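Enquirer: Structure incoming, see below.
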Amino acid sequence: MKRITRNKSLYFLLVVFVTLFSLSGCKFKKDISQNNEIRIAEQYGLAYAPLQIMKVKGIMEKNLPGARITWKQMGNTAAIREGMIANQVDIGFMAIPPFLIGLDKGMNWKIASGLSSMPIGLVTYKSDIKSIKDFTSNDRIALPQPGSIQHILLSMACEKTFKDAHKLDNLLVTMAHPDGMNALLAKKDITAHFTSPPYIFKELDNEGFHQVLTGKEAMGKDFTFIIGVTTNEFHDKKTVEYKAFVDSLHEAIRFINEKPEEAAEILAGEYDLPKEEILTYITADETVYSKEVKGLKDFADFMERNNYISKSFENLEEVLWEDVSYEK
């Protein structure tokens, strides 16, 4: 009799435990689905200007009331990729080549929108360096990271010039753009810097500093510099938030294009530069803020050919979310 009673007691406890565990699990899933935080990672430079407009004007908050938007500034795409793997970042902004490398390595992400095209280029202070042919083993070239768009563009130029895309790889030094600019201006540690606005403009303002190579020369055509990327999980499980993000981003892009004076006023405070200087930068001939994505296939095919990635893509659905504007 005692044994039966004991068994009933154990059974009762087991039922209670399973019930509580199930309720706990349901609550946990509910918490995830109702999590209203959106975590966005960006990098340095005026290429990300629409994101500053989004922040200051509270566009995401307007289009998605009640959402908590967390902004994270990171030094390179590797940090953004690690953040996404660790489920600490939902949306990241980066150039096309690092996106393709991540995709090739198994990252579950796709492009949600284009953001900007910029006059990026390779700058040096050495008068005897007129082209990439003039670099020697004593020179050092700073760029954000191996596999960055600057690295791939330099590799494209090397393929054209030397028939060897990796010709100058042993000269590369990894530096965030602000550090690279400071090192180049100090003529310390590096002899050239592959960079973007506003850093490229500030470097070229100095006497004797000149551009060795432009991004367009390397690519041979116009291309998108920065894109917005979201994880599959964010896109699939937070459809409302995803749409609000895309709509907000496009609204910020339109604001810069339609109201550059007002945009410059906002951005002056964000970049700690005079309004007039910002206005000059964001309206420069090769500066374009656009949701359209250009040059994706060109990058992918080059990177496959030179073993930066194992394969290119065949269908746009592999790399783009729905309704993304694309130009070959």
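Simple scheme: letters A, B, ... for chains in structure tokens order, numbers from 1 for residues in each chain, numbers from 1 for ligands in the order shown.
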So which residues touch A:Lys328 within 9 Å, counting only C-alpha atoms, skipping near sequence neighbours fewer than 4 positions away, as an MDAnalysis selection string?
Expert: chainID A and resid 293:298
Enquirer: Since we have the selection now, will you write its residues out, keeping N, CA, C and O atoms, as a compact mmCIF listing (two decimals), in the first residue's frame?
Expert:
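Okay, selection_15.txt is ready:
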# COMPACT_ATOMS: atom_id res chain seq x y z
N VAL A 293 20.93 47.90 -55.89
CA VAL A 293 22.16 47.13 -55.73
C VAL A 293 22.79 46.93 -57.10
O VAL A 293 22.16 46.40 -58.01
N LYS A 294 24.06 47.37 -57.25
CA LYS A 294 24.78 47.24 -58.52
C LYS A 294 26.09 46.48 -58.32
O LYS A 294 26.75 46.63 -57.29
N GLY A 295 26.48 45.71 -59.33
CA GLY A 295 27.81 45.09 -59.35
C GLY A 295 27.93 43.79 -58.59
O GLY A 295 29.03 43.25 -58.45
N LEU A 296 26.83 43.27 -58.10
CA LEU A 296 26.85 42.07 -57.26
C LEU A 296 27.46 40.87 -57.99
O LEU A 296 28.33 40.18 -57.45
N LYS A 297 27.01 40.63 -59.20
CA LYS A 297 27.48 39.48 -59.96
C LYS A 297 28.95 39.65 -60.36
O LYS A 297 29.73 38.68 -60.37
N ASP A 298 29.35 40.88 -60.69
CA ASP A 298 30.75 41.14 -61.05
C ASP A 298 31.69 40.78 -59.90
O ASP A 298 32.73 40.14 -60.10
Enquirer: From a DSSP calculation on the backbone, collect every residue of stretch 51-272 of chain A in strand (DSSP E or B) and output the set as a PyMOL selection string.
Expert: chain A and resi 68-73+91-94+109-117+121-124+141-143+172-174+192-195+210-214+226-231
Enquirer: How about saving the chosen residues, C-alpha atoms kept, as a compact mmCIF listing (two decimals), in the first residue's frame?
Expert:
# COMPACT_ATOMS: atom_id res chain seq x y z
CA ARG A 68 13.43 49.51 -29.16
CA ILE A 69 16.19 50.24 -31.69
CA THR A 70 19.75 49.47 -30.65
CA TRP A 71 22.58 50.85 -32.81
CA LYS A 72 26.06 49.35 -32.76
CA GLN A 73 29.11 50.83 -34.50
CA ILE A 91 20.73 43.89 -39.39
CA GLY A 92 24.21 44.77 -40.60
CA PHE A 93 25.61 47.22 -43.12
CA MET A 94 28.65 46.27 -45.13
CA TRP A 109 21.72 36.15 -44.52
CA LYS A 110 20.60 38.02 -47.63
CA ILE A 111 20.62 41.58 -48.96
CA ALA A 112 17.62 43.70 -47.99
CA SER A 113 18.61 46.93 -49.75
CA GLY A 114 21.35 48.98 -51.30
CA LEU A 115 22.52 52.02 -49.33
CA SER A 116 25.24 54.01 -51.08
CA SER A 117 27.90 54.32 -53.75
CA GLY A 121 40.21 55.06 -53.68
CA LEU A 122 43.84 54.40 -52.80
CA VAL A 123 45.71 57.46 -51.49
CA THR A 124 49.43 57.93 -50.84
CA ILE A 141 48.72 49.61 -47.64
CA ALA A 142 46.05 50.11 -44.97
CA LEU A 143 42.48 48.90 -45.46
CA LEU A 172 48.28 44.89 -46.55
CA VAL A 173 47.74 46.21 -43.03
CA THR A 174 44.34 46.01 -41.29
CA ALA A 192 48.96 54.23 -48.66
CA HIS A 193 45.35 53.98 -47.52
CA PHE A 194 42.40 52.54 -49.48
CA THR A 195 39.46 54.45 -48.04
CA HIS A 210 47.30 61.97 -54.30
CA GLN A 211 45.13 59.14 -55.52
CA VAL A 212 46.82 56.10 -57.07
CA LEU A 213 43.68 54.15 -57.94
CA THR A 214 39.94 54.75 -57.86
CA ILE A 226 27.34 49.59 -48.97
CA ILE A 227 24.34 47.26 -48.64
CA GLY A 228 21.97 46.37 -45.82
CA VAL A 229 21.89 42.69 -44.82
CA THR A 230 19.49 40.85 -42.51
CA THR A 231 19.60 37.38 -41.05
Enquirer: Considering only helix (DSSP H, G or I) as DSSP defines it on the backbone, what residues of stretch 29-224 of chain A qualify? List them as a VMD selection string.
Expert: chain A and resid 29 to 33 46 to 57 59 to 63 77 to 85 96 to 104 132 to 134 149 to 162 169 to 171 177 to 185 199 to 204 215 to 219
Enquirer: Could you tell me how far atom CA of A:Ile253 lies from atom CA of A:Pro50, in Å and to one decimal?
Expert: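 Rounded to one decimal, the two atoms are 5.5 Å apart.
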Enquirer: Identify which of the residues A:Glu292, A:Asp169, A:Glu261, A:Glu37 lies closest to A:Thr280, counting only C-alpha atoms when measuring atom-to-atom distances.
Expert: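 Answer, going by the shortest atom-to-atom distance: A:Glu261.
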Enquirer: So what do you get for atom CA of A:Lys202 versus atom CA of A:Gly269, distance-wise?
Expert: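 Atom-to-atom, atom CA of A:Lys202 to atom CA of A:Gly269, that is 17.4 Å.
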Enquirer: Go through A:Ile282, A:Val319, A:Ala47, A:Asn306 one by one, measure the shortest atom-to-atom distance of each to A:Lys167 using only C-alpha atoms, and give the residue with the smallest value.
Expert: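 Looking at the shortest contact to A:Lys167, the residue is A:Asn306.
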